[in-house]
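*Asks:* As input, take query_10.pdb (PDB, C-alpha atoms):
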```pdb
ATOM      1  CA  MET K   1       0.000   0.000   0.000
ATOM      2  CA  LYS K   2       1.496   3.331  -1.105
ATOM      3  CA  LEU K   3       1.022   6.765   0.375
ATOM      4  CA  TYR K   4       2.000   9.598  -1.948
ATOM      5  CA  ASP K   5       3.363  11.881   0.710
ATOM      6  CA  LEU K   6       4.771  15.306   1.482
ATOM      7  CA  GLY K   7       6.708  15.489   4.756
ATOM      8  CA  PRO K   8       5.684  19.012   5.883
ATOM      9  CA  SER K   9       1.994  18.499   5.043
ATOM     10  CA  GLY K  10      -0.292  18.220   8.053
ATOM     11  CA  ASN K  11      -2.828  16.385   5.898
ATOM     12  CA  CYS K  12      -0.267  13.762   4.945
ATOM     13  CA  TYR K  13       0.819  13.587   8.583
ATOM     14  CA  LYS K  14      -2.759  12.686   9.611
ATOM     15  CA  VAL K  15      -2.461   9.509   7.562
ATOM     16  CA  ARG K  16       1.066   8.685   8.744
ATOM     17  CA  LEU K  17       0.029   9.221  12.368
ATOM     18  CA  PHE K  18      -3.007   6.964  12.131
ATOM     19  CA  ALA K  19      -1.087   4.258  10.278
ATOM     20  CA  ALA K  20       1.577   4.284  13.004
ATOM     21  CA  LEU K  21      -0.986   4.138  15.822
ATOM     22  CA  ALA K  22      -2.961   1.345  14.139
ATOM     23  CA  ASN K  23       0.171  -0.550  13.054
ATOM     24  CA  ILE K  24      -0.681  -0.315   9.346
ATOM     25  CA  ASP K  25       2.265  -0.637   6.979
ATOM     26  CA  LEU K  26       2.523   2.118   4.386
ATOM     27  CA  GLU K  27       5.131   2.582   1.700
ATOM     28  CA  ARG K  28       5.743   6.311   1.665
ATOM     29  CA  VAL K  29       6.390   7.767  -1.782
ATOM     30  CA  ALA K  30       7.877  11.244  -1.492
ATOM     31  CA  VAL K  31       6.384  13.661  -4.019
ATOM     32  CA  ASP K  32       8.441  16.452  -5.593
ATOM     33  CA  PHE K  33       5.912  19.096  -4.622
ATOM     34  CA  ALA K  34       8.200  22.052  -5.355
ATOM     35  CA  ASN K  35       8.397  21.022  -9.007
ATOM     36  CA  GLY K  36       4.672  20.308  -9.273
ATOM     37  CA  ALA K  37       4.810  16.515  -9.534
ATOM     38  CA  HIS K  38       1.400  16.350  -7.816
ATOM     39  CA  LYS K  39      -0.162  18.285 -10.721
ATOM     40  CA  LYS K  40       1.329  16.149 -13.512
ATOM     41  CA  PRO K  41       0.793  12.556 -14.655
ATOM     42  CA  PRO K  42       0.842  10.024 -13.173
ATOM     43  CA  LEU K  43      -0.239  11.718  -9.917
ATOM     44  CA  SER K  44      -2.750  14.031 -11.598
ATOM     45  CA  GLU K  45      -4.402  10.892 -12.964
ATOM     46  CA  LEU K  46      -4.719   9.535  -9.416
ATOM     47  CA  ASN K  47      -6.027  12.839  -8.051
ATOM     48  CA  PRO K  48      -7.198  15.341 -10.654
ATOM     49  CA  LEU K  49      -7.410  17.986  -7.901
ATOM     50  CA  GLY K  50      -3.610  17.947  -7.735
ATOM     51  CA  GLN K  51      -3.576  17.483  -3.964
ATOM     52  CA  LEU K  52      -1.855  15.222  -1.473
ATOM     53  CA  PRO K  53      -2.110  12.753   0.173
ATOM     54  CA  ILE K  54      -3.108   9.994  -2.203
ATOM     55  CA  LEU K  55      -3.416   6.372  -1.088
ATOM     56  CA  ASP K  56      -2.981   3.488  -3.513
ATOM     57  CA  ASP K  57      -4.098   0.213  -1.958
ATOM     58  CA  GLY K  58      -3.417  -2.333  -4.661
ATOM     59  CA  GLY K  59      -4.941  -0.119  -7.334
ATOM     60  CA  HIS K  60      -7.786   1.199  -5.192
ATOM     61  CA  ILE K  61      -7.136   4.952  -5.071
ATOM     62  CA  VAL K  62      -8.359   7.157  -2.227
ATOM     63  CA  ARG K  63      -7.692  10.903  -2.120
ATOM     64  CA  ASP K  64      -8.246  13.410   0.709
ATOM     65  CA  SER K  65      -6.816  12.810   4.154
ATOM     66  CA  GLN K  66     -10.213  12.453   5.857
ATOM     67  CA  ALA K  67     -11.385   9.887   3.291
ATOM     68  CA  ILE K  68      -8.102   7.998   3.635
ATOM     69  CA  LEU K  69      -8.508   7.882   7.427
ATOM     70  CA  VAL K  70     -12.011   6.414   7.067
ATOM     71  CA  TYR K  71     -10.819   3.901   4.479
ATOM     72  CA  LEU K  72      -7.802   2.743   6.469
ATOM     73  CA  ALA K  73      -9.715   2.562   9.741
ATOM     74  CA  GLY K  74     -12.650   0.724   8.199
ATOM     75  CA  THR K  75     -10.492  -1.675   6.214
ATOM     76  CA  TYR K  76      -7.494  -2.280   8.470
ATOM     77  CA  GLY K  77      -7.894  -0.456  11.780
ATOM     78  CA  GLY K  78     -10.653  -2.415  13.449
ATOM     79  CA  LEU K  79     -13.760  -1.255  15.272
ATOM     80  CA  ALA K  80     -11.785   0.672  17.891
ATOM     81  CA  TRP K  81     -10.933   3.327  15.302
ATOM     82  CA  TRP K  82     -14.107   3.268  13.133
ATOM     83  CA  PRO K  83     -17.243   1.724  14.657
ATOM     84  CA  GLU K  84     -19.990  -0.124  12.822
ATOM     85  CA  HIS K  85     -22.844   1.966  14.239
ATOM     86  CA  ALA K  86     -24.017   5.250  12.770
ATOM     87  CA  ARG K  87     -23.931   7.115  16.091
ATOM     88  CA  GLY K  88     -20.214   6.510  16.568
ATOM     89  CA  GLN K  89     -19.499   7.212  12.927
ATOM     90  CA  ALA K  90     -21.371  10.524  13.179
ATOM     91  CA  GLU K  91     -19.392  11.489  16.310
ATOM     92  CA  ILE K  92     -16.204  10.921  14.357
ATOM     93  CA  VAL K  93     -17.308  12.520  11.086
ATOM     94  CA  GLN K  94     -18.280  15.785  12.787
ATOM     95  CA  TRP K  95     -14.622  16.109  13.860
ATOM     96  CA  LEU K  96     -13.346  15.110  10.412
ATOM     97  CA  SER K  97     -15.469  17.952   9.046
ATOM     98  CA  PHE K  98     -14.141  20.296  11.745
ATOM     99  CA  ALA K  99     -10.596  19.410  10.649
ATOM    100  CA  ALA K 100     -11.371  19.937   6.960
ATOM    101  CA  ASN K 101     -13.212  23.212   7.464
ATOM    102  CA  GLU K 102     -12.687  25.176  10.669
ATOM    103  CA  ILE K 103      -9.113  24.048  11.307
ATOM    104  CA  GLN K 104      -8.141  24.191   7.625
ATOM    105  CA  HIS K 105      -9.323  27.807   7.311
ATOM    106  CA  SER K 106      -7.744  29.022  10.533
ATOM    107  CA  LEU K 107      -4.783  27.175  12.056
ATOM    108  CA  CYS K 108      -3.682  25.542   8.815
ATOM    109  CA  ALA K 109      -4.133  28.679   6.706
ATOM    110  CA  ALA K 110      -2.050  30.793   9.102
ATOM    111  CA  ARG K 111       0.728  28.194   8.959
ATOM    112  CA  LEU K 112       0.593  28.052   5.156
ATOM    113  CA  VAL K 113       1.137  31.808   4.972
ATOM    114  CA  GLU K 114       3.878  32.036   7.577
ATOM    115  CA  LYS K 115       5.841  28.875   6.803
ATOM    116  CA  PHE K 116       5.302  28.486   3.062
ATOM    117  CA  GLY K 117       4.314  31.936   1.783
ATOM    118  CA  TYR K 118       0.868  30.969   0.503
ATOM    119  CA  PRO K 119      -1.208  33.952  -0.705
ATOM    120  CA  LEU K 120      -3.956  33.578   1.901
ATOM    121  CA  ASP K 121      -5.420  36.084   4.351
ATOM    122  CA  LYS K 122      -3.395  35.383   7.488
ATOM    123  CA  ALA K 123      -5.191  38.034   9.545
ATOM    124  CA  ALA K 124      -8.543  36.384   8.808
ATOM    125  CA  ALA K 125      -7.131  32.966   9.643
ATOM    126  CA  LEU K 126      -5.713  34.212  12.946
ATOM    127  CA  ALA K 127      -9.011  35.910  13.785
ATOM    128  CA  LYS K 128     -10.810  32.547  13.453
ATOM    129  CA  ALA K 129      -8.252  30.606  15.522
ATOM    130  CA  PRO K 130      -9.532  31.524  19.024
ATOM    131  CA  THR K 131     -13.061  30.399  18.167
ATOM    132  CA  VAL K 132     -11.810  27.121  16.699
ATOM    133  CA  LEU K 133      -9.503  26.407  19.622
ATOM    134  CA  GLY K 134     -12.194  27.508  22.070
ATOM    135  CA  VAL K 135     -14.644  24.962  20.678
ATOM    136  CA  LEU K 136     -12.004  22.256  20.869
ATOM    137  CA  ASP K 137     -10.889  23.234  24.377
ATOM    138  CA  ALA K 138     -14.481  23.326  25.669
ATOM    139  CA  HIS K 139     -15.174  19.850  24.286
ATOM    140  CA  LEU K 140     -11.981  18.520  25.848
ATOM    141  CA  GLN K 141     -12.886  19.976  29.238
ATOM    142  CA  ALA K 142     -15.392  17.130  29.662
ATOM    143  CA  ASN K 143     -13.835  14.554  27.315
ATOM    144  CA  ASP K 144     -10.407  12.938  27.134
ATOM    145  CA  TRP K 145     -10.877  12.184  23.427
ATOM    146  CA  LEU K 146     -12.846  13.763  20.618
ATOM    147  CA  ALA K 147     -15.276  10.901  20.004
ATOM    148  CA  MET K 148     -16.522   7.749  21.680
ATOM    149  CA  GLY K 149     -14.424   8.184  24.831
ATOM    150  CA  ARG K 150     -11.337   6.686  23.207
ATOM    151  CA  PRO K 151      -8.756   7.470  20.533
ATOM    152  CA  THR K 152     -10.272   7.363  17.055
ATOM    153  CA  ILE K 153      -9.477   8.766  13.645
ATOM    154  CA  ALA K 154     -11.172  11.964  14.844
ATOM    155  CA  ASP K 155      -8.125  12.639  17.012
ATOM    156  CA  CYS K 156      -5.783  11.796  14.126
ATOM    157  CA  ALA K 157      -7.626  14.257  11.869
ATOM    158  CA  VAL K 158      -7.663  17.185  14.294
ATOM    159  CA  TYR K 159      -4.314  16.809  16.082
ATOM    160  CA  PRO K 160      -1.771  17.613  13.316
ATOM    161  CA  TYR K 161      -2.737  21.191  12.503
ATOM    162  CA  VAL K 162      -3.421  21.952  16.158
ATOM    163  CA  MET K 163       0.036  20.706  17.107
ATOM    164  CA  LEU K 164       1.573  22.632  14.183
ATOM    165  CA  ALA K 165      -0.413  25.824  14.906
ATOM    166  CA  PRO K 166       2.532  27.668  16.532
ATOM    167  CA  GLU K 167       4.239  27.553  13.099
ATOM    168  CA  GLY K 168       1.505  29.980  12.025
ATOM    169  CA  SER K 169       1.920  32.220  15.095
ATOM    170  CA  VAL K 170      -1.090  30.737  16.867
ATOM    171  CA  ASP K 171      -0.613  30.675  20.643
ATOM    172  CA  LEU K 172      -1.836  27.421  22.196
ATOM    173  CA  GLY K 173      -0.988  28.614  25.721
ATOM    174  CA  PRO K 174      -4.537  29.572  26.782
ATOM    175  CA  TYR K 175      -5.919  26.135  25.891
ATOM    176  CA  GLY K 176      -4.943  23.798  28.725
ATOM    177  CA  ASN K 177      -7.446  21.086  27.815
ATOM    178  CA  VAL K 178      -6.033  21.016  24.287
ATOM    179  CA  ALA K 179      -2.499  20.711  25.684
ATOM    180  CA  ARG K 180      -3.481  17.761  27.876
ATOM    181  CA  TRP K 181      -5.240  16.076  24.930
ATOM    182  CA  MET K 182      -2.128  16.510  22.756
ATOM    183  CA  ALA K 183      -0.029  14.937  25.533
ATOM    184  CA  ARG K 184      -2.431  11.961  25.648
ATOM    185  CA  ILE K 185      -2.068  11.467  21.893
ATOM    186  CA  GLU K 186       1.713  11.750  22.122
ATOM    187  CA  SER K 187       1.776   9.039  24.793
ATOM    188  CA  LEU K 188      -0.155   6.498  22.685
ATOM    189  CA  PRO K 189       1.804   3.388  21.645
ATOM    190  CA  GLY K 190       3.150   3.825  18.133
ATOM    191  CA  TYR K 191       2.903   7.626  18.129
ATOM    192  CA  VAL K 192       5.121   9.332  15.529
ATOM    193  CA  GLY K 193       5.785  13.026  15.136
ATOM    194  CA  PRO K 194       5.434  14.897  11.850
TER     195      PRO K 194
END
```
Will you turn the file into structure tokens for me?
*Replies:*
Amino acid sequence: MKLYDLGPSGNCYKVRLFAALANIDLERVAVDFANGAHKKPPLSELNPLGQLPILDDGGHIVRDSQAILVYLAGTYGGLAWWPEHARGQAEIVQWLSFAANEIQHSLCAARLVEKFGYPLDKAAALAKAPTVLGVLDAHLQANDWLAMGRPTIADCAVYPYVMLAPEGSVDLGPYGNVARWMARIESLPGYVGP
């Protein structure tokens, strides 16, 4: 199983983190992002959006980090990571959506501007960050994990760009519940950093 990967990408890191925690073997294929390899064949044929990560599981192609997390958890991770019942799945998916929307347009966007020079509105991203982190911190005040009372792919989806937020000048200091949650993730067996 191949993961077309970019080391600094938080979205790629989501997949690497989950695979490490769930003991799923991935062959990482480094993509020459700087020279646009992700926007040219053969990668553009695997993902016409020209984005990473891309998973190739024996010819079955999955694009988008959230979709890859669901696929890997459902296929290889067992019920601990992706339950059979709709209630648990919905608990998880709401956090996958939070990662793809609220976090992407705040913490991630600020990092993309500061670290990589992307032409995004950093001020707008930073203005959204306290609300996003406040929602997360409030949830974690009463919960050790994001969904189902245990580590799931929800945590793997949300953690990377939260942990990387200081690279976009986002201060995590006021969010003690978030800090304790990050420490719990970092103490899980198999944990790997970005």
*Asks:* When you draw a straight line from atom CA of Ile153 of chain K to atom CA of Leu107 of chain K, how long is it in Å?
*Replies:*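 Separation between atom CA of Ile153 of chain K and atom CA of Leu107 of chain K: 19.1 Å.
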*Asks:* Can you list, as a ChimeraX atom specification, the residues that the PyMOL selection byres ((chain K and resi 75-82) around 9) selects here?
*Replies:* /K:18-19,22-24,70-74,83-85,88-89,92,150-154
*Asks:* Excluding segment 26-33 of chain K and its own-chain neighbours fewer than 4 positions away, which residues fall within 10 Å of it when counting all atoms listed in the file? Please give them as a list in words.
*Replies:*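 The residues that qualify are Met1, Lys2, Leu3, Tyr4, Asp5, Leu6, Gly7, Val15, Arg16, Ala19, Ala20, Ala37, His38, Lys39, Leu43, Gln51, Leu52, Pro53, Ile54, Leu55, Asp56 and Asp57 of chain K.
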*Asks:* Quick one: which residues end up in the PyMOL selection byres ((chain K and resi 134-140) around 9) for this structure, as a ChimeraX atom specification?
*Replies:* /K:129-133,141-146,175-181
*Asks:* Those residues you just picked out, can you put them in a file as an mmCIF file, in the coordinates of the input with C-alpha atoms?
*Replies:*
```
data_model
loop_
_atom_site.group_PDB
_atom_site.id
_atom_site.type_symbol
_atom_site.label_atom_id
_atom_site.label_comp_id
_atom_site.auth_asym_id
_atom_site.auth_seq_id
_atom_site.Cartn_x
_atom_site.Cartn_y
_atom_site.Cartn_z
ATOM 1 C CA ALA K 129 -8.252 30.606 15.522
ATOM 2 C CA PRO K 130 -9.532 31.524 19.024
ATOM 3 C CA THR K 131 -13.061 30.399 18.167
ATOM 4 C CA VAL K 132 -11.810 27.121 16.699
ATOM 5 C CA LEU K 133 -9.503 26.407 19.622
ATOM 6 C CA GLN K 141 -12.886 19.976 29.238
ATOM 7 C CA ALA K 142 -15.392 17.130 29.662
ATOM 8 C CA ASN K 143 -13.835 14.554 27.315
ATOM 9 C CA ASP K 144 -10.407 12.938 27.134
ATOM 10 C CA TRP K 145 -10.877 12.184 23.427
ATOM 11 C CA LEU K 146 -12.846 13.763 20.618
ATOM 12 C CA TYR K 175 -5.919 26.135 25.891
ATOM 13 C CA GLY K 176 -4.943 23.798 28.725
ATOM 14 C CA ASN K 177 -7.446 21.086 27.815
ATOM 15 C CA VAL K 178 -6.033 21.016 24.287
ATOM 16 C CA ALA K 179 -2.499 20.711 25.684
ATOM 17 C CA ARG K 180 -3.481 17.761 27.876
ATOM 18 C CA TRP K 181 -5.240 16.076 24.930
#
```
*Asks:* Any chance you could work out the axis-aligned box around segment 76-91 of chain K, listed atoms only, 8 Å on each side, giving centre and edge lengths in Å to one decimal, as lines of an AutoDock Vina configuration file?
*Replies:*
```
center_x = -15.8
center_y = 4.5
center_z = 13.2
size_x = 32.5
size_y = 29.9
size_z = 25.4
```
*Asks:* Skipping near chain neighbours, those fewer than 3 positions away, what residues fall within 6 Å of segment 161-171 of chain K using only C-alpha atoms, listed as a PyMOL selection string?
*Replies:* chain K and resi 10+107-108+110-111+114
*Asks:* Rounded to one decimal place, report the atom CA of Arg63 of chain K-atom CA of Asn101 of chain K distance in Å.
*Replies:*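 Between these atoms lies a distance of 16.5 Å.
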*Asks:* Expanded to explicit residues, what is the PyMOL selection byres ((chain K and resi 190) around 6) for this file, as an mmCIF file with C-alpha atoms, in the coordinates of the input?
*Replies:*
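Final file, expr-v1.cif:
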```
data_model
loop_
_atom_site.group_PDB
_atom_site.id
_atom_site.type_symbol
_atom_site.label_atom_id
_atom_site.label_comp_id
_atom_site.auth_asym_id
_atom_site.auth_seq_id
_atom_site.Cartn_x
_atom_site.Cartn_y
_atom_site.Cartn_z
ATOM 1 C CA ALA K 20 1.577 4.284 13.004
ATOM 2 C CA LEU K 21 -0.986 4.138 15.822
ATOM 3 C CA PRO K 189 1.804 3.388 21.645
ATOM 4 C CA TYR K 191 2.903 7.626 18.129
#
```
*Asks:* Between atom CA of Gly173 of chain K and atom CA of Ser9 of chain K, what is the spacing in Å?
*Replies:*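 Answer for the atom CA of Ser9 of chain K to atom CA of Gly173 of chain K separation: 23.2 Å.
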*Asks:* Closest to Cys156 of chain K among K:Glu186, K:Glu45, K:Asp25, K:Glu102, using all atoms listed in the file?
*Replies:* K:Glu186
*Asks:* Have a look at K:His60, K:Leu112, K:Ala90, K:Ala100 and name the one nearest to Met148 of chain K; count all atoms listed in the file.
*Replies:* K:Ala90
